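run12.pdb (PDB, C-alpha atoms and all ligand atoms)
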```
ATOM      1  CA  MET A1257    -110.834  -9.701 246.457
ATOM      2  CA  ASN A1258    -114.596 -10.070 246.325
ATOM      3  CA  LEU A1259    -116.319 -12.838 244.371
ATOM      4  CA  ALA A1260    -116.873 -10.686 241.255
ATOM      5  CA  ASP A1261    -113.125  -9.891 241.189
ATOM      6  CA  ILE A1262    -112.266 -13.569 241.656
ATOM      7  CA  ASP A1263    -114.515 -14.493 238.735
ATOM      8  CA  ALA A1264    -112.944 -11.808 236.531
ATOM      9  CA  SER A1265    -109.442 -12.855 237.474
ATOM     10  CA  ALA A1266    -110.117 -16.562 236.778
ATOM     11  CA  TRP A1267    -111.353 -15.713 233.270
ATOM     12  CA  ALA A1268    -108.383 -13.398 232.739
ATOM     13  CA  GLU A1269    -106.118 -16.372 233.611
ATOM     14  CA  LEU A1270    -107.920 -18.526 231.021
ATOM     15  CA  GLU A1271    -107.659 -15.841 228.328
ATOM     16  CA  MET A1272    -103.969 -15.433 229.062
ATOM     17  CA  ALA A1273    -103.394 -19.219 229.081
ATOM     18  CA  ALA A1274    -104.720 -19.607 225.541
ATOM     19  CA  GLY A1275    -101.729 -17.612 224.317
ATOM     20  CA  ASN A1276     -99.155 -18.858 226.795
ATOM     21  CA  PRO A1277     -97.793 -22.417 226.522
ATOM     22  CA  LEU A1278     -96.241 -22.023 229.992
ATOM     23  CA  SER A1279     -99.552 -21.442 231.758
ATOM     24  CA  GLY A1280    -100.994 -24.378 233.683
ATOM     25  CA  PHE A1281    -104.353 -23.770 232.025
ATOM     26  CA  ARG A1282    -102.902 -24.056 228.509
ATOM     27  CA  TYR A1283    -103.722 -27.786 228.698
ATOM     28  CA  VAL A1284    -107.001 -28.735 230.284
ATOM     29  CA  ASN A1285    -109.003 -31.895 230.731
ATOM     30  CA  LEU A1286    -112.099 -32.177 228.578
ATOM     31  CA  CYS A1287    -114.480 -34.701 230.128
ATOM     32  CA  THR A1288    -117.365 -36.218 228.217
ATOM     33  CA  VAL A1289    -119.814 -39.041 228.880
ATOM     34  CA  ASP A1290    -119.836 -41.924 226.417
ATOM     35  CA  ALA A1291    -122.734 -44.038 225.136
ATOM     36  CA  GLU A1292    -122.359 -46.451 228.093
ATOM     37  CA  ALA A1293    -122.566 -43.546 230.575
ATOM     38  CA  ARG A1294    -118.855 -43.858 231.394
ATOM     39  CA  ALA A1295    -116.846 -40.715 232.059
ATOM     40  CA  GLN A1296    -114.164 -40.068 229.426
ATOM     41  CA  ALA A1297    -111.380 -37.546 230.018
ATOM     42  CA  ARG A1298    -108.523 -36.321 227.869
ATOM     43  CA  MET A1299    -106.132 -33.392 227.710
ATOM     44  CA  VAL A1300    -106.726 -30.725 225.093
ATOM     45  CA  VAL A1301    -105.016 -27.468 224.235
ATOM     46  CA  LEU A1302    -106.942 -24.374 225.225
ATOM     47  CA  ARG A1303    -107.067 -22.431 221.943
ATOM     48  CA  SER A1304    -109.013 -19.399 223.088
ATOM     49  CA  ALA A1305    -111.113 -18.085 225.932
ATOM     50  CA  ASP A1306    -113.642 -15.266 226.042
ATOM     51  CA  ARG A1307    -114.756 -13.891 229.391
ATOM     52  CA  THR A1308    -117.761 -12.021 227.963
ATOM     53  CA  THR A1309    -119.453 -15.149 226.601
ATOM     54  CA  ARG A1310    -117.793 -17.586 229.095
ATOM     55  CA  SER A1311    -116.524 -19.585 226.143
ATOM     56  CA  LEU A1312    -113.512 -21.744 225.522
ATOM     57  CA  GLU A1313    -112.386 -23.182 222.218
ATOM     58  CA  PHE A1314    -110.634 -26.463 221.440
ATOM     59  CA  HIS A1315    -109.545 -28.187 218.250
ATOM     60  CA  THR A1316    -109.909 -31.832 217.472
ATOM     61  CA  ASP A1317    -110.077 -34.559 214.870
ATOM     62  CA  THR A1318    -113.658 -35.214 213.853
ATOM     63  CA  ARG A1319    -112.873 -38.931 213.605
ATOM     64  CA  SER A1320    -112.099 -39.057 217.340
ATOM     65  CA  GLN A1321    -114.222 -40.686 220.032
ATOM     66  CA  LYS A1322    -114.841 -37.355 221.724
ATOM     67  CA  TRP A1323    -116.408 -35.931 218.560
ATOM     68  CA  LEU A1324    -118.838 -38.872 218.441
ATOM     69  CA  GLU A1325    -119.555 -38.685 222.167
ATOM     70  CA  LEU A1326    -120.323 -34.986 221.884
ATOM     71  CA  SER A1327    -122.835 -35.548 219.105
ATOM     72  CA  ALA A1328    -124.874 -37.727 221.471
ATOM     73  CA  ASN A1329    -124.224 -35.720 224.630
ATOM     74  CA  PRO A1330    -122.837 -32.178 224.453
ATOM     75  CA  GLU A1331    -122.690 -31.745 228.258
ATOM     76  CA  VAL A1332    -119.069 -31.620 229.424
ATOM     77  CA  THR A1333    -116.776 -30.689 232.265
ATOM     78  CA  VAL A1334    -113.543 -28.830 231.632
ATOM     79  CA  LEU A1335    -111.019 -29.273 234.425
ATOM     80  CA  GLY A1336    -107.761 -27.400 234.813
ATOM     81  CA  PHE A1337    -105.116 -26.776 237.448
ATOM     82  CA  CYS A1338    -102.553 -24.000 237.267
ATOM     83  CA  PRO A1339     -99.684 -24.571 239.733
ATOM     84  CA  GLN A1340     -98.475 -20.963 239.454
ATOM     85  CA  ALA A1341    -101.903 -19.569 240.316
ATOM     86  CA  ARG A1342    -102.595 -22.528 242.693
ATOM     87  CA  LEU A1343    -106.050 -22.676 241.173
ATOM     88  CA  GLN A1344    -108.303 -25.514 240.130
ATOM     89  CA  LEU A1345    -111.117 -24.499 237.777
ATOM     90  CA  ARG A1346    -113.947 -26.927 237.089
ATOM     91  CA  LEU A1347    -116.294 -25.619 234.447
ATOM     92  CA  GLN A1348    -119.518 -27.259 233.399
ATOM     93  CA  GLY A1349    -121.395 -26.454 230.242
ATOM     94  CA  ARG A1350    -122.168 -27.460 226.679
ATOM     95  CA  VAL A1351    -120.108 -27.934 223.584
ATOM     96  CA  GLU A1352    -121.114 -26.950 220.090
ATOM     97  CA  ARG A1353    -119.309 -28.777 217.305
ATOM     98  CA  HIS A1354    -118.120 -26.974 214.165
ATOM     99  CA  GLY A1355    -117.260 -29.592 211.591
ATOM    100  CA  PRO A1356    -115.198 -29.524 208.401
ATOM    101  CA  GLY A1357    -116.557 -27.012 205.899
ATOM    102  CA  SER A1358    -118.100 -24.808 208.584
ATOM    103  CA  GLU A1359    -117.090 -21.158 208.629
ATOM    104  CA  HIS A1360    -115.731 -21.573 212.127
ATOM    105  CA  ALA A1361    -113.517 -24.569 211.294
ATOM    106  CA  ASP A1362    -112.282 -22.953 208.067
ATOM    107  CA  ALA A1363    -111.294 -19.775 209.897
ATOM    108  CA  ALA A1364    -109.473 -21.711 212.632
ATOM    109  CA  TRP A1365    -107.679 -23.888 210.061
ATOM    110  CA  GLN A1366    -106.384 -20.769 208.260
ATOM    111  CA  ASN A1367    -104.615 -19.709 211.443
ATOM    112  CA  LEU A1368    -102.969 -23.063 212.205
ATOM    113  CA  PRO A1369     -99.249 -23.459 211.632
ATOM    114  CA  SER A1370     -98.237 -26.179 209.206
ATOM    115  CA  ARG A1371     -96.866 -28.507 211.909
ATOM    116  CA  THR A1372    -100.227 -28.434 213.731
ATOM    117  CA  ARG A1373    -102.142 -29.077 210.501
ATOM    118  CA  MET A1374    -100.004 -32.181 210.032
ATOM    119  CA  THR A1375    -101.421 -33.723 213.222
ATOM    120  CA  TYR A1376    -104.721 -34.249 211.349
ATOM    121  CA  VAL A1377    -103.120 -36.061 208.435
ATOM    122  CA  GLY A1378    -102.607 -39.551 209.925
ATOM    123  CA  GLY A1379    -105.035 -42.414 210.433
ATOM    124  CA  PRO A1380    -108.159 -42.140 212.610
ATOM    125  CA  PRO A1381    -107.315 -41.482 216.297
ATOM    126  CA  GLY A1382    -107.516 -44.731 218.241
ATOM    127  CA  ASP A1383    -106.992 -47.041 215.270
ATOM    128  CA  GLU A1384    -104.235 -49.596 215.552
ATOM    129  CA  ARG A1385    -100.941 -48.352 214.148
ATOM    130  CA  GLY A1386     -98.327 -50.706 212.689
ATOM    131  CA  PHE A1387     -94.751 -50.185 213.853
ATOM    132  CA  GLU A1388     -93.636 -49.707 210.253
ATOM    133  CA  ALA A1389     -95.859 -46.604 210.050
ATOM    134  CA  ILE A1390     -94.178 -44.892 213.007
ATOM    135  CA  GLY A1391     -91.941 -42.100 211.793
ATOM    136  CA  GLU A1392     -93.232 -42.277 208.231
ATOM    137  CA  LEU A1393     -94.870 -39.319 206.578
ATOM    138  CA  PRO A1394     -98.493 -40.418 206.720
ATOM    139  CA  GLU A1395     -99.940 -39.124 203.470
ATOM    140  CA  PRO A1396     -98.645 -37.721 200.218
ATOM    141  CA  LEU A1397    -101.328 -35.017 200.268
ATOM    142  CA  GLY A1398     -99.457 -33.201 203.045
ATOM    143  CA  GLU A1399    -101.177 -30.803 205.398
ATOM    144  CA  VAL A1400    -104.225 -30.147 203.163
ATOM    145  CA  GLY A1401    -105.237 -33.773 203.809
ATOM    146  CA  GLY A1402    -106.011 -32.821 207.394
ATOM    147  CA  LYS A1403    -108.588 -30.145 206.655
ATOM    148  CA  PRO A1404    -111.568 -32.468 205.998
ATOM    149  CA  ARG A1405    -111.003 -33.979 209.471
ATOM    150  CA  PHE A1406    -110.474 -30.820 211.435
ATOM    151  CA  GLY A1407    -113.157 -29.631 213.823
ATOM    152  CA  VAL A1408    -113.608 -26.887 216.412
ATOM    153  CA  LEU A1409    -115.299 -27.395 219.770
ATOM    154  CA  SER A1410    -116.915 -24.282 221.253
ATOM    155  CA  PHE A1411    -117.622 -24.681 224.941
ATOM    156  CA  ARG A1412    -119.892 -22.357 226.915
ATOM    157  CA  ALA A1413    -119.699 -22.535 230.683
ATOM    158  CA  ARG A1414    -122.835 -22.452 232.841
ATOM    159  CA  THR A1415    -120.986 -22.954 236.124
ATOM    160  CA  MET A1416    -117.467 -22.508 237.402
ATOM    161  CA  ASP A1417    -116.252 -24.233 240.548
ATOM    162  CA  TRP A1418    -113.223 -22.191 241.658
ATOM    163  CA  PHE A1419    -110.795 -23.751 244.145
ATOM    164  CA  GLU A1420    -107.719 -22.013 245.510
ATOM    165  CA  LEU A1421    -105.123 -24.272 247.067
ATOM    166  CA  ARG A1422    -103.455 -22.625 250.056
ATOM    167  CA  GLN A1423    -101.058 -23.726 252.795
ATOM    168  CA  GLN A1424    -103.998 -23.546 255.164
ATOM    169  CA  ASP A1425    -107.560 -22.550 254.662
ATOM    170  CA  ASN A1426    -108.262 -23.527 251.049
ATOM    171  CA  ARG A1427    -110.941 -21.416 249.431
ATOM    172  CA  ARG A1428    -113.722 -22.460 247.103
ATOM    173  CA  ALA A1429    -116.508 -20.591 245.338
ATOM    174  CA  LEU A1430    -119.251 -21.406 242.871
ATOM    175  CA  PHE A1431    -120.189 -19.119 239.987
ATOM    176  CA  VAL A1432    -123.290 -19.533 237.834
ATOM    177  CA  TYR A1433    -123.695 -17.846 234.437
ATOM    178  CA  ASP A1434    -126.862 -17.222 232.458
ATOM    179  CA  GLU A1435    -127.251 -18.092 228.766
ATOM    180  CA  THR A1436    -125.696 -14.768 227.708
ATOM    181  CA  GLY A1437    -122.638 -15.413 229.872
ATOM    182  CA  ALA A1438    -123.522 -12.849 232.546
ATOM    183  CA  LEU A1439    -122.775 -13.825 236.140
ATOM    184  CA  SER A1440    -126.164 -14.739 237.614
ATOM    185  CA  SER A1441    -125.075 -15.914 241.066
ATOM    186  CA  CYS A1442    -121.988 -16.636 243.124
ATOM    187  CA  ARG A1443    -121.231 -17.852 246.610
ATOM    188  CA  TRP A1444    -118.463 -19.163 248.802
ATOM    189  CA  ILE A1445    -118.690 -22.884 249.490
ATOM    190  CA  ASP A1446    -116.834 -25.179 251.840
ATOM    191  CA  PRO A1447    -113.739 -26.549 250.151
TER     192      PRO A1447
HETATM  193  C1  LIG A1501    -100.820 -32.122 226.459
HETATM  194  C2  LIG A1501    -101.779 -32.741 225.468
HETATM  195  C3  LIG A1501    -102.533 -31.910 224.664
HETATM  196  C4  LIG A1501    -103.457 -32.454 223.771
HETATM  197  N1  LIG A1501    -104.216 -31.621 223.008
HETATM  198  C5  LIG A1501    -105.181 -32.125 222.222
HETATM  199  C6  LIG A1501    -106.073 -31.253 221.511
HETATM  200  O1  LIG A1501    -105.966 -30.025 221.559
HETATM  201  N2  LIG A1501    -107.052 -31.821 220.774
HETATM  202  C7  LIG A1501    -107.219 -33.167 220.700
HETATM  203  O2  LIG A1501    -108.134 -33.612 220.009
HETATM  204  N3  LIG A1501    -106.389 -34.030 221.342
HETATM  205  C8  LIG A1501    -105.385 -33.529 222.117
HETATM  206  N4  LIG A1501    -104.548 -34.374 222.806
HETATM  207  C9  LIG A1501    -104.759 -35.829 222.684
HETATM  208  C10 LIG A1501    -105.959 -36.205 223.562
HETATM  209  O3  LIG A1501    -105.601 -36.121 224.930
HETATM  210  C11 LIG A1501    -106.504 -37.601 223.253
HETATM  211  O4  LIG A1501    -105.519 -38.576 223.488
HETATM  212  C12 LIG A1501    -106.997 -37.719 221.822
HETATM  213  O5  LIG A1501    -107.638 -36.529 221.399
HETATM  214  C13 LIG A1501    -107.999 -38.887 221.667
HETATM  215  O6  LIG A1501    -109.073 -38.683 222.555
HETATM  216  P1  LIG A1501    -110.507 -39.358 222.347
HETATM  217  O7  LIG A1501    -110.264 -40.732 221.815
HETATM  218  O8  LIG A1501    -111.111 -39.360 223.690
HETATM  219  O9  LIG A1501    -111.278 -38.523 221.364
HETATM  220  C14 LIG A1501    -103.598 -33.857 223.676
HETATM  221  C15 LIG A1501    -102.820 -34.677 224.489
HETATM  222  C16 LIG A1501    -101.922 -34.123 225.360
HETATM  223  C17 LIG A1501    -101.087 -35.033 226.221
END
```
Can the structure from this file be put into structure tokens for me?
Ligand SMILES: Cc1cc2nc3c(=O)[nH]c(=O)nc-3n(C[C@H](O)[C@H](O)[C@H](O)COP(=O)(O)O)c2cc1C
Amino acid sequence: MNLADIDASAWAELEMAAGNPLSGFRYVNLCTVDAEARAQARMVVLRSADRTTRSLEFHTDTRSQKWLELSANPEVTVLGFCPQARLQLRLQGRVERHGPGSEHADAAWQNLPSRTRMTYVGGPPGDERGFEAIGELPEPLGEVGGKPRFGVLSFRARTMDWFELRQQDNRRALFVYDETGALSSCRWIDP
């Protein structure tokens, strides 16, 4: 495989992972930088991927720390490892936030199953939770109560660090994309 094929196949893996809970890339690490310049990482579900624009989409609660961090600094790293493909992908780029009431968030909310909508109904992420609240239904409003807190994160990659884990002779390559998502350069690098 040449580098262009490797790039295409990595993005095909990401597109496939968004629809396949068994793929290693279905859950990836979204890494932000907080106001004190500390790295912050957390797992998120990969909701969609688009190879033409080099975009990934995630969902989150707009009351979360990550949402705040991204308002101050939209530069992120997305890190994933798929054991089946033996691939680590480290993507760097920017996130655009689509908050409650935006067309993007409304459209994504429409497609969410009820059980997923319910994850936005509870108290603000990170707030202390009393033991008596565990197991209770959080709000009488039901799933509609989550909509004003639901946000979409659209990530666009500018670089992809591709690393293939092998028995011997690991391989690593760096891909750079322009602002339209076209591949602008690529090269093998030492692993
Ligand atoms: C496998 C897995 C998937 C997760 N998916 C999401 C997700 O899609 N969106 C999200 O906001 N949090 C998700 N979480 C929870 C986050 O990892 C994190 O704990 C939470 O969003 C609070 O992060 P923050 O305080 O840095 O904003 C997931 C956790 C796990 C373990």
What are the closest atom pairs, with distances in Å to one decimal, for all residues of chain A lying within 9 Å of ligand LIG 1501 (chain A)? Consider all atoms listed in the file, order rows by chain and residue number, and present the result as a tab-separated table.
```
residue	atom	partner	partner_atom	distance
A:Arg1282	CA	A:LIG1501	C1	8.6
A:Tyr1283	CA	A:LIG1501	C1	5.7
A:Val1284	CA	A:LIG1501	C3	7.9
A:Asn1285	CA	A:LIG1501	O3	7.9
A:Leu1286	CA	A:LIG1501	O3	8.4
A:Cys1287	CA	A:LIG1501	O8	8.6
A:Thr1288	CA	A:LIG1501	O8	8.3
A:Gln1296	CA	A:LIG1501	O8	6.5
A:Ala1297	CA	A:LIG1501	O8	6.6
A:Arg1298	CA	A:LIG1501	O3	4.1
A:Met1299	CA	A:LIG1501	O3	3.9
A:Val1300	CA	A:LIG1501	N1	3.4
A:Val1301	CA	A:LIG1501	O1	3.8
A:Leu1302	CA	A:LIG1501	O1	6.8
A:Arg1303	CA	A:LIG1501	O1	7.7
A:Phe1314	CA	A:LIG1501	O1	5.9
A:His1315	CA	A:LIG1501	N2	5.1
A:Thr1316	CA	A:LIG1501	O2	3.6
A:Asp1317	CA	A:LIG1501	O2	5.6
A:Thr1318	CA	A:LIG1501	O2	8.4
A:Arg1319	CA	A:LIG1501	O9	7.9
A:Ser1320	CA	A:LIG1501	O9	4.1
A:Gln1321	CA	A:LIG1501	O9	3.9
A:Lys1322	CA	A:LIG1501	O9	3.8
A:Trp1323	CA	A:LIG1501	O9	6.4
A:Leu1324	CA	A:LIG1501	O9	8.1
A:Glu1325	CA	A:LIG1501	O9	8.3
A:Pro1381	CA	A:LIG1501	C13	6.0
A:Gly1382	CA	A:LIG1501	O7	6.0
A:Gly1407	CA	A:LIG1501	O2	8.9
```
Point to revise | Pick from A:Leu1347, A:Leu1326, A:Glu1359, A:Trp1267 nearest to Leu1430 of chain A, counting only C-alpha atoms | key: A:Leu1347
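Residues matched by the PyMOL selection byres (((chain A and resi 1354) around 10) and not hetatm) in this file: His1315, Thr1318, Val1351, Glu1352, Arg1353, Gly1355, Pro1356, Gly1357, Ser1358, Glu1359, His1360, Ala1361, Asp1362, Phe1406, Gly1407, Val1408, Leu1409 and Ser1410 of chain A.
Every residue that the PyMOL selection byres (((chain A and resi 1447) around 10) and not hetatm) selects in this file is listed here: Trp1418, Phe1419, Glu1420, Leu1421, Asp1425, Asn1426, Arg1427, Arg1428, Ala1429, Trp1444, Ile1445 and Asp1446 of chain A.
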Which centre and which edge lengths, in Å to one decimal, describe the axis-aligned box that holds all listed atoms of segment 1306-1311 of chain A after 3 Å is added on each side, as JSON?
```
{"center_x": -116.5, "center_y": -15.8, "center_z": 227.7, "size_x": 11.8, "size_y": 13.6, "size_z": 9.3}
```
Check your understanding: Which polymer residues have any atom within 12 Å of an atom of Ser1440 of chain A, counting all atoms listed in the file, with same-chain residues fewer than 4 positions away left out, as a PyMOL selection string?
Key -> chain A and resi 1260+1263+1414-1416+1430-1436
Exercise for review: Report as a VMD selection string the full result of the PyMOL selection byres (((chain A and resi 1269) around 12) and not hetatm) when it is applied to this structure.
Suggested key: chain A and resid 1262 to 1268 1270 to 1276 1278 to 1282 1302 1304 to 1307 1336 to 1338 1340 to 1345
Study note, to complete from the structure: For Lys1403 of chain A, the closest of A:Gln1423, A:Val1377, A:Asp1261, A:Asp1417 counting only C-alpha atoms is A:Val1377
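Take atom CA of Gly1402 of chain A and atom CA of Ala1363 of chain A: the distance between them is 14.3 Å.
Between atom CA of Gln1366 of chain A and atom CA of Glu1331 of chain A there is a distance of 28.0 Å.
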Study note, to complete from the structure: Closest of A:Glu1399, A:Glu1384, A:Leu1439, A:Arg1412 to Pro1330 of chain A, counting only C-alpha atoms, is A:Arg1412
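If all atoms listed in the file are the atoms counted, then among A:Pro1404, A:Phe1411, A:Cys1442, A:Asn1258 the closest residue to Trp1365 of chain A is A:Pro1404.
Our summary of the geometry notes that atom CA of Thr1333 of chain A is positioned 25.5 Å from atom CA of Asp1383 of chain A.
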Point to revise | Which residue of A:Ala1438, A:Met1374, A:Pro1339, A:Arg1443 approaches Ser1311 of chain A most closely, using all atoms listed in the file | key: A:Ala1438
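The residue that comes closest to Ala1413 of chain A, out of A:Arg1294, A:Arg1350, A:Arg1371, A:Arg1385 and on the basis of all atoms listed in the file, is A:Arg1350.
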**Study point:** Close residues, Gly1437 of chain A itself excluded, 7 Å, all atoms listed in the file, min 6 positions apart in chain, as a VMD selection string
**Key:** chain A and resid 1308 to 1310
